[in-house]
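**Student:** Following this message is one structure expressed as structure tokens.
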Amino acid sequence: MISRIHRFKGSNVSLKTCSQPPLDISLSSFPHTTTTTLNRLSFHQSMAASSAISSSSSPFFTQKDAGVSSFFTQSSSSIRTLQKKSFNKIVSVMTPQQSERKPSATGSVKTGMTMTEKIFSRASERSQLSPGENVWVNVDVLMTHDVCGPGSIGIFKKEFGNDAKVWDREKVVIIPDHYIFTADERANRNVDILRDFSHEQGIKYFYDIKDLSNFKANPDYKGVCHVALAQEGHCRPGEVLLGTDSHTCTAGAFGQFATGIGNTDAGFVLGTGKALLKVPPTLRFVLDGEMPDYLLAKDLILQIIGEISVSGATYKAMEFVGSTIESLTMEERMTLCNMVVEAGGKNGIVPADATTFKYLENKTSVPYEPVYSDDQAKFLAEYKIDVSKLEPLVAKPHSPDNRALARECKDVKIDRVYIGSCTGGKTEDFLAAAKVLLASGEKVKVPTFLVPATQKVWMDIYTLPVPGSGGKTCSQIFEAAGCDTPTSPSCGACLGGPKDTYARINEPQVCVSTTNRNFPGRMGHKDGQIYLASPYTAAASALTGFVTDPRDFLR
């Protein structure tokens with residue numbers, strides 16, 4: 001267990017303890033969108049209490065924990081005295097030198113703030129905020145989809161009236177993506193509800209789909225909401241983005257506050273444009289070192305979750321900085337932030353930089369203003385990771401923190417591989433998988449399912465040349481390797497879905513997947529076993545029929 005050093009205000013006394021502070025667990029602490037997700041949290045808590053950290057726990061992951069002292073400022077003064085015969089007289093009092101304080105985004109402040117605190121401060125029109133405060137924030141973007149949209153719409157109409165209008169039709173983004181390519185009548189009905197509401201309200205950003213037999217016949221249809229939000233320019237530094245999906249935290253990659261909320265909260269936001277949120281404390285993760293060419297961001301976040309557990313960041317912001325983070329592409333940063341919720345995190349966030357601004361070029365005309373943590377900002381804890389020493393990882397069934405080295409699982413026989421989802425179905429994820437298949441020159445030994453996140457990703461698979469391939473595209477490499485043909489873009493089997501969902505696990509099979517969760521029944525059958533992995537590891541495993549370290553093909 002990681003030790004914590006507590007320093008108390010106004011005292012030089014330190015207390016070293018190995019106990020962790022008790023968690024205040026309540027439904028209000030978990031603004032996730034479905035009963036299944038709440039059950040996942042319960043399951044994860046029990047798993048975290050009973051499982052040990054894998055043998056891949058390593059000395060290159062260190063913690064500098066501010067503990068209680070994160071929220072206090074120590075002060076001292078030097079007092080000169082002139083001793084007389086019968087008494088001491090104070091001649092002068094000297095205060096310690098103060099370093100220059102940088103103003104926050106909201107003006108000069110007495111105490112430094114983190115990125116997340118600054119975004120809350122701006123959105124609540126408050127000059128100063130501290131973790132634990134409850135504030136009303138102005139929402140910049142509200143996203144909903146076909147699973148939670150109908151419920152949110154129902155609450156909105158019940159509370160504000162059937163004829164009520166949303167607070168801003170250009171700030172509501174509605175994206176059908178979960179249960180799309182299915183004959184299930186209730187799933188199809190949900191999309192109809194979204195369509196009717198969007199037309200009634202004049203929603204500008206409704207990405208509709210009508211022809212389920214050919215997704216390309218629907219130019220407005222995008223695919224997975226979290227990837228589509230970025231591609232369509234709805235993610236901007238310094239803003240507040242809320243969505244009825246727990247993986248809304250993906251957008252934190254753009255230097256904004258993004259988190260999932262429930263249907264009731266979303267119904268309220270639809271009518272008012274405001275949400276009541278508690279300011280989270282921030283955990284800071286400093287990742288330095290050169291990224292080995294056999295690692296991807298999925299390995300980084302699995303390392304972190306394995307280290308702190310699925311409850312280690314409960315209602316906390318997770319801020320990612322360091323030279324490794326600066327070297328990551330936007331899609332890789334999205335992968336990193338996508339899975340902070342698997343550690344219980346309220347949000348993940350990466351400081352905006354030249355990479356961010358380049359990505360946003362020609363994607364949005366809305367002005368934005370990035371924020372950055374002050375030098376004096378207080379962090380609940382700081383973790384330092386030497387990325388150069390990491391190895392490819394997997395999360396074994398049935399929890400994202402059940403971490404193991406991929407090479408330790410080389411005897412685990414698998415039945416299938418799944419490459420897709422908001423976590424692992426982006427363009428760069430398929431390029432990575434194609435790189436491994438190209439390096440091997442062999443055919444896959446198990447069914448390998450490919451589910452692009454969006455229409456744009458699908459097009460990239462068929463048009464972008466894979467580096468070092470002599471001009472071959474991902475689709476050509478996948479076909480030569482014997483993979484399934486890339487299917488229609490959607491969330492697919494990531495969360496199971498109706499039984500006719502493409503690549504759904506309908507039998508008790510073992511699957512290596514680039515998705516984000518692996519609890520029982522997540523991808524379909526309750527006895528299915530899911531090993532979470534990077535696209536590199538997933539492709540390598542497809543080639544052998546066993547969980548495989550990608551270094552076997554990338555050396």
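FYI, nothing fancy with the structure tokens labels: chains A, B, ... in order, residues from 1 per chain, ligands from 1 as they appear.
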Among region 157-369 of chain A, which ones does DSSP place in strand (DSSP E or B), written as a ChimeraX atom specification?

**Tutor:** /A:172-175,205-206,223,240-243,257-260,274-278,282-288,317-321,347-349

**Student:** For region 422-435 of chain A, work out the shell of residues within 6 Å, counting only C-alpha atoms and skipping chain neighbours fewer than 6 positions away, then give it as a PyMOL selection string.

**Tutor:** chain A and resi 335+452-453+457+474+514-515+535-536+539

**Student:** Store the residues of this selection in a file with C-alpha atoms, as a PDB file, in the first residue's frame.

**Tutor:**
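Written out: result-v4.pdb:
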ATOM      1  CA  THR A 335      -7.767   6.902 -25.379  1.00  0.00           C
ATOM      2  CA  PRO A 452     -14.812   1.488 -37.061  1.00  0.00           C
ATOM      3  CA  ALA A 453     -15.997   4.146 -34.632  1.00  0.00           C
ATOM      4  CA  VAL A 457     -12.703   6.118 -39.624  1.00  0.00           C
ATOM      5  CA  CYS A 474      -5.608  -1.003 -43.698  1.00  0.00           C
ATOM      6  CA  THR A 514      -9.610  -2.947 -27.555  1.00  0.00           C
ATOM      7  CA  THR A 515     -12.722  -1.816 -25.647  1.00  0.00           C
ATOM      8  CA  PRO A 535      -4.602  -2.586 -30.809  1.00  0.00           C
ATOM      9  CA  TYR A 536      -0.997  -3.827 -31.007  1.00  0.00           C
ATOM     10  CA  ALA A 539      -3.582  -7.876 -33.491  1.00  0.00           C
TER      11      ALA A 539
END

**Student:** Got a sec: who's within 9 Å of Met143 (chain A), counting only C-alpha atoms, leaving out chain neighbours fewer than 3 positions off, as a CSV table (one decimal) with N, CA and C atoms, in the first residue's frame?

**Tutor:**
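Output contents, as saved in out10.csv:
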chain,number,residue,atom,x,y,z
A,149,GLY,N,-31.0,9.2,-24.6
A,149,GLY,CA,-31.7,10.3,-25.1
A,149,GLY,C,-33.2,10.3,-24.8
A,171,LYS,N,-26.4,24.1,-28.9
A,171,LYS,CA,-25.5,23.5,-27.9
A,171,LYS,C,-25.9,22.1,-27.5
A,172,VAL,N,-26.9,21.6,-28.2
A,172,VAL,CA,-27.4,20.2,-27.9
A,172,VAL,C,-26.9,19.4,-29.1
A,173,VAL,N,-26.2,18.3,-28.8
A,173,VAL,CA,-25.7,17.4,-29.9
A,173,VAL,C,-26.3,16.0,-29.6
A,174,ILE,N,-27.0,15.5,-30.6
A,174,ILE,CA,-27.7,14.2,-30.5
A,174,ILE,C,-27.1,13.3,-31.5
A,175,ILE,N,-26.6,12.2,-31.0
A,175,ILE,CA,-25.8,11.2,-31.9
A,175,ILE,C,-26.3,9.8,-31.7
A,225,CYS,N,-20.4,8.4,-30.5
A,225,CYS,CA,-20.5,9.8,-30.1
A,225,CYS,C,-19.2,10.4,-29.6
A,229,LEU,N,-17.9,13.6,-31.7
A,229,LEU,CA,-17.8,14.9,-31.0
A,229,LEU,C,-16.5,15.6,-31.4
A,241,LEU,N,-18.4,20.2,-21.2
A,241,LEU,CA,-19.1,19.3,-22.1
A,241,LEU,C,-19.7,18.2,-21.2
A,242,LEU,N,-21.0,18.0,-21.2
A,242,LEU,CA,-21.7,17.0,-20.4
A,242,LEU,C,-22.4,16.0,-21.4
A,243,GLY,N,-22.4,14.8,-21.1
A,243,GLY,CA,-23.1,13.8,-21.9
A,243,GLY,C,-23.7,12.7,-21.1
A,244,THR,N,-24.7,12.1,-21.7
A,244,THR,CA,-25.4,11.0,-21.0
A,244,THR,C,-24.7,9.7,-21.3
A,245,ASP,N,-23.4,9.6,-21.0
A,245,ASP,CA,-22.6,8.5,-21.2
A,245,ASP,C,-21.4,8.6,-20.4
A,248,THR,N,-18.0,10.1,-21.7
A,248,THR,CA,-17.9,11.5,-22.2
A,248,THR,C,-16.6,12.1,-21.7
A,266,ALA,N,-29.6,15.5,-17.3
A,266,ALA,CA,-29.6,15.9,-18.7
A,266,ALA,C,-30.9,16.6,-19.1

**Student:** Just checking: using only C-alpha atoms, which residue out of A:Pro550, A:Gly312, A:Gly252, A:Gly471 ends up closest to Val394 (chain A)?

**Tutor:** A:Pro550

**Student:** For Asp484 (chain A), work out the shell of residues within 8 Å, counting only C-alpha atoms and skipping chain neighbours fewer than 2 positions away, then give it as a compact mmCIF listing (two decimals) with C-alpha atoms, in the first residue's frame.

**Tutor:**
# COMPACT_ATOMS: atom_id res chain seq x y z
CA PRO A 447 -12.09 -14.54 -35.99
CA THR A 448 -11.03 -10.91 -35.90
CA PHE A 449 -13.84 -8.35 -35.92
CA LEU A 450 -13.26 -4.77 -37.06
CA PHE A 478 -6.83 -6.83 -43.04
CA GLU A 479 -8.17 -8.75 -46.03
CA GLY A 482 -8.06 -13.03 -43.12
CA PRO A 486 -14.76 -3.76 -41.54

**Student:** Give me the residues within 12 Å of Glu239 (chain A) as a ChimeraX atom specification, counting only C-alpha atoms and dropping any in the same chain fewer than 4 places off.

**Tutor:** /A:115-124,137-142,171,234-235,251-259,349,352,366-371

**Student:** So that I have them on file, write out the residues from the current selection with N, CA and C atoms, as a CSV table (one decimal), in the first residue's frame.

**Tutor:**
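Produced file again-v7.csv, reproduced below:
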chain,number,residue,atom,x,y,z
A,115,MET,N,-6.5,23.1,-13.6
A,115,MET,CA,-7.2,23.3,-14.8
A,115,MET,C,-8.7,23.1,-14.6
A,116,THR,N,-9.0,22.0,-14.0
A,116,THR,CA,-10.5,21.6,-13.7
A,116,THR,C,-11.1,22.7,-12.9
A,117,GLU,N,-10.4,23.2,-11.8
A,117,GLU,CA,-11.0,24.2,-11.0
A,117,GLU,C,-11.2,25.5,-11.7
A,118,LYS,N,-10.3,25.8,-12.6
A,118,LYS,CA,-10.4,27.0,-13.4
A,118,LYS,C,-11.6,27.0,-14.3
A,119,ILE,N,-11.8,25.8,-14.9
A,119,ILE,CA,-13.0,25.7,-15.8
A,119,ILE,C,-14.3,25.8,-15.1
A,120,PHE,N,-14.3,25.2,-13.9
A,120,PHE,CA,-15.5,25.4,-13.0
A,120,PHE,C,-15.7,26.8,-12.6
A,121,SER,N,-14.6,27.5,-12.3
A,121,SER,CA,-14.6,28.9,-11.9
A,121,SER,C,-15.2,29.8,-13.0
A,122,ARG,N,-14.7,29.6,-14.2
A,122,ARG,CA,-15.2,30.3,-15.3
A,122,ARG,C,-16.7,30.0,-15.6
A,123,ALA,N,-17.0,28.8,-15.6
A,123,ALA,CA,-18.4,28.3,-15.9
A,123,ALA,C,-19.4,28.7,-14.9
A,124,SER,N,-18.9,28.9,-13.6
A,124,SER,CA,-19.8,29.3,-12.6
A,124,SER,C,-19.8,30.8,-12.3
A,137,VAL,N,-23.0,25.5,-12.9
A,137,VAL,CA,-22.1,25.8,-14.0
A,137,VAL,C,-22.9,26.0,-15.3
A,138,ASN,N,-22.5,26.8,-16.1
A,138,ASN,CA,-23.1,27.0,-17.4
A,138,ASN,C,-22.5,26.0,-18.4
A,139,VAL,N,-23.4,25.2,-19.0
A,139,VAL,CA,-22.9,24.1,-19.9
A,139,VAL,C,-22.7,24.6,-21.3
A,140,ASP,N,-21.6,24.3,-21.9
A,140,ASP,CA,-21.3,24.7,-23.3
A,140,ASP,C,-21.8,23.7,-24.3
A,141,VAL,N,-21.8,22.4,-24.0
A,141,VAL,CA,-22.3,21.4,-24.9
A,141,VAL,C,-23.0,20.3,-24.1
A,142,LEU,N,-24.2,19.9,-24.5
A,142,LEU,CA,-24.8,18.7,-24.0
A,142,LEU,C,-25.0,17.7,-25.1
A,171,LYS,N,-26.4,24.1,-28.9
A,171,LYS,CA,-25.5,23.5,-27.9
A,171,LYS,C,-25.9,22.1,-27.5
A,234,HIS,N,-16.9,19.6,-31.8
A,234,HIS,CA,-17.7,20.0,-30.6
A,234,HIS,C,-16.8,20.0,-29.3
A,235,CYS,N,-15.6,19.6,-29.4
A,235,CYS,CA,-14.7,19.6,-28.3
A,235,CYS,C,-13.7,20.7,-28.4
A,251,ALA,N,-13.5,13.6,-24.0
A,251,ALA,CA,-13.2,14.9,-24.5
A,251,ALA,C,-12.2,15.7,-23.6
A,252,GLY,N,-11.9,15.2,-22.5
A,252,GLY,CA,-10.9,15.9,-21.6
A,252,GLY,C,-9.6,16.0,-22.3
A,253,ALA,N,-9.4,15.2,-23.3
A,253,ALA,CA,-8.1,15.2,-24.1
A,253,ALA,C,-7.9,16.6,-24.7
A,254,PHE,N,-9.0,17.4,-24.9
A,254,PHE,CA,-8.9,18.7,-25.5
A,254,PHE,C,-8.7,19.8,-24.5
A,255,GLY,N,-8.4,19.5,-23.2
A,255,GLY,CA,-8.2,20.5,-22.2
A,255,GLY,C,-9.5,21.1,-21.7
A,256,GLN,N,-10.6,20.3,-21.8
A,256,GLN,CA,-11.9,20.8,-21.3
A,256,GLN,C,-12.4,19.9,-20.2
A,257,PHE,N,-13.4,20.3,-19.4
A,257,PHE,CA,-14.1,19.5,-18.4
A,257,PHE,C,-15.2,18.7,-19.1
A,258,ALA,N,-15.1,17.4,-19.1
A,258,ALA,CA,-16.1,16.6,-19.8
A,258,ALA,C,-16.4,15.4,-18.9
A,259,THR,N,-17.7,15.1,-18.7
A,259,THR,CA,-18.0,14.0,-17.8
A,259,THR,C,-19.4,13.5,-18.1
A,349,ILE,N,-8.1,15.1,-18.0
A,349,ILE,CA,-7.9,16.3,-18.7
A,349,ILE,C,-6.4,16.4,-19.0
A,352,ALA,N,-4.1,21.8,-23.2
A,352,ALA,CA,-4.1,22.0,-24.7
A,352,ALA,C,-2.7,22.6,-25.1
A,366,VAL,N,-16.1,28.3,-33.4
A,366,VAL,CA,-16.4,28.8,-32.0
A,366,VAL,C,-15.1,29.2,-31.3
A,367,PRO,N,-15.0,30.4,-30.8
A,367,PRO,CA,-13.8,30.8,-30.1
A,367,PRO,C,-13.6,30.1,-28.8
A,368,TYR,N,-12.4,29.8,-28.4
A,368,TYR,CA,-12.2,29.1,-27.1
A,368,TYR,C,-11.0,29.7,-26.5
A,369,GLU,N,-10.9,29.4,-25.2
A,369,GLU,CA,-9.7,30.0,-24.4
A,369,GLU,C,-9.2,28.9,-23.5
A,370,PRO,N,-8.0,28.3,-23.8
A,370,PRO,CA,-7.5,27.3,-23.0
A,370,PRO,C,-7.2,27.8,-21.5
A,371,VAL,N,-7.1,26.9,-20.6
A,371,VAL,CA,-6.7,27.2,-19.2
A,371,VAL,C,-5.6,26.2,-18.9

**Student:** For CA of Lys204 (chain A) and CA of Gly223 (chain A), determine how far apart the two atoms are, in Å to one decimal place.

**Tutor:**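 Calculated distance between CA of Lys204 (chain A) and CA of Gly223 (chain A) is 16.9 Å.
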
**Student:** Can you tell me, as a list in words, what residues are no more than 12 Å from Ala354 (chain A) when counting only C-alpha atoms, ignoring any on the same chain fewer than 5 positions away?

**Tutor:**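 With the cut-off at 12 Å, the set is Pro237, Phe254, Gly255, Glu326, Ser327, Leu328, Thr329, Met330, Tyr359, Leu360, Glu361 and Pro370 of chain A.
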
**Student:** Suppose we keep N, CA and C atoms; can you now write the selection as a PDB file, in the first residue's frame?

**Tutor:**
ATOM      1  N   PRO A 237     -11.024  23.491 -25.900  1.00  0.00           N
ATOM      2  CA  PRO A 237     -10.354  23.758 -24.619  1.00  0.00           C
ATOM      3  C   PRO A 237     -11.117  24.767 -23.764  1.00  0.00           C
ATOM      4  N   PHE A 254      -8.975  17.362 -24.873  1.00  0.00           N
ATOM      5  CA  PHE A 254      -8.888  18.674 -25.506  1.00  0.00           C
ATOM      6  C   PHE A 254      -8.710  19.807 -24.485  1.00  0.00           C
ATOM      7  N   GLY A 255      -8.445  19.454 -23.234  1.00  0.00           N
ATOM      8  CA  GLY A 255      -8.248  20.484 -22.220  1.00  0.00           C
ATOM      9  C   GLY A 255      -9.549  21.091 -21.746  1.00  0.00           C
ATOM     10  N   GLU A 326       2.927  15.051 -23.969  1.00  0.00           N
ATOM     11  CA  GLU A 326       3.124  16.048 -25.014  1.00  0.00           C
ATOM     12  C   GLU A 326       3.422  15.412 -26.362  1.00  0.00           C
ATOM     13  N   SER A 327       3.976  14.204 -26.345  1.00  0.00           N
ATOM     14  CA  SER A 327       4.320  13.526 -27.598  1.00  0.00           C
ATOM     15  C   SER A 327       3.148  12.748 -28.197  1.00  0.00           C
ATOM     16  N   LEU A 328       2.060  12.577 -27.434  1.00  0.00           N
ATOM     17  CA  LEU A 328       0.926  11.790 -27.909  1.00  0.00           C
ATOM     18  C   LEU A 328       0.088  12.570 -28.917  1.00  0.00           C
ATOM     19  N   THR A 329      -0.478  11.852 -29.883  1.00  0.00           N
ATOM     20  CA  THR A 329      -1.429  12.454 -30.815  1.00  0.00           C
ATOM     21  C   THR A 329      -2.742  12.710 -30.090  1.00  0.00           C
ATOM     22  N   MET A 330      -3.648  13.431 -30.732  1.00  0.00           N
ATOM     23  CA  MET A 330      -4.945  13.691 -30.109  1.00  0.00           C
ATOM     24  C   MET A 330      -5.720  12.404 -29.888  1.00  0.00           C
ATOM     25  N   TYR A 359      -5.209  20.074 -34.439  1.00  0.00           N
ATOM     26  CA  TYR A 359      -6.341  19.174 -34.666  1.00  0.00           C
ATOM     27  C   TYR A 359      -7.630  19.972 -34.876  1.00  0.00           C
ATOM     28  N   LEU A 360      -7.779  21.054 -34.131  1.00  0.00           N
ATOM     29  CA  LEU A 360      -9.027  21.827 -34.168  1.00  0.00           C
ATOM     30  C   LEU A 360      -9.138  22.748 -35.390  1.00  0.00           C
ATOM     31  N   GLU A 361      -8.043  22.904 -36.117  1.00  0.00           N
ATOM     32  CA  GLU A 361      -8.091  23.765 -37.303  1.00  0.00           C
ATOM     33  C   GLU A 361      -9.154  23.263 -38.274  1.00  0.00           C
ATOM     34  N   PRO A 370      -8.027  28.337 -23.797  1.00  0.00           N
ATOM     35  CA  PRO A 370      -7.463  27.268 -22.958  1.00  0.00           C
ATOM     36  C   PRO A 370      -7.154  27.763 -21.545  1.00  0.00           C
TER      37      PRO A 370
END

**Student:** Give the answer as one residue: which of A:Ile153, A:Leu300, A:Ile530, A:Leu390 has the shortest atom-to-atom distance to Cys511 (chain A), using only C-alpha atoms?

**Tutor:**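 Ranked by minimum distance to Cys511 (chain A), first place goes to A:Ile530.
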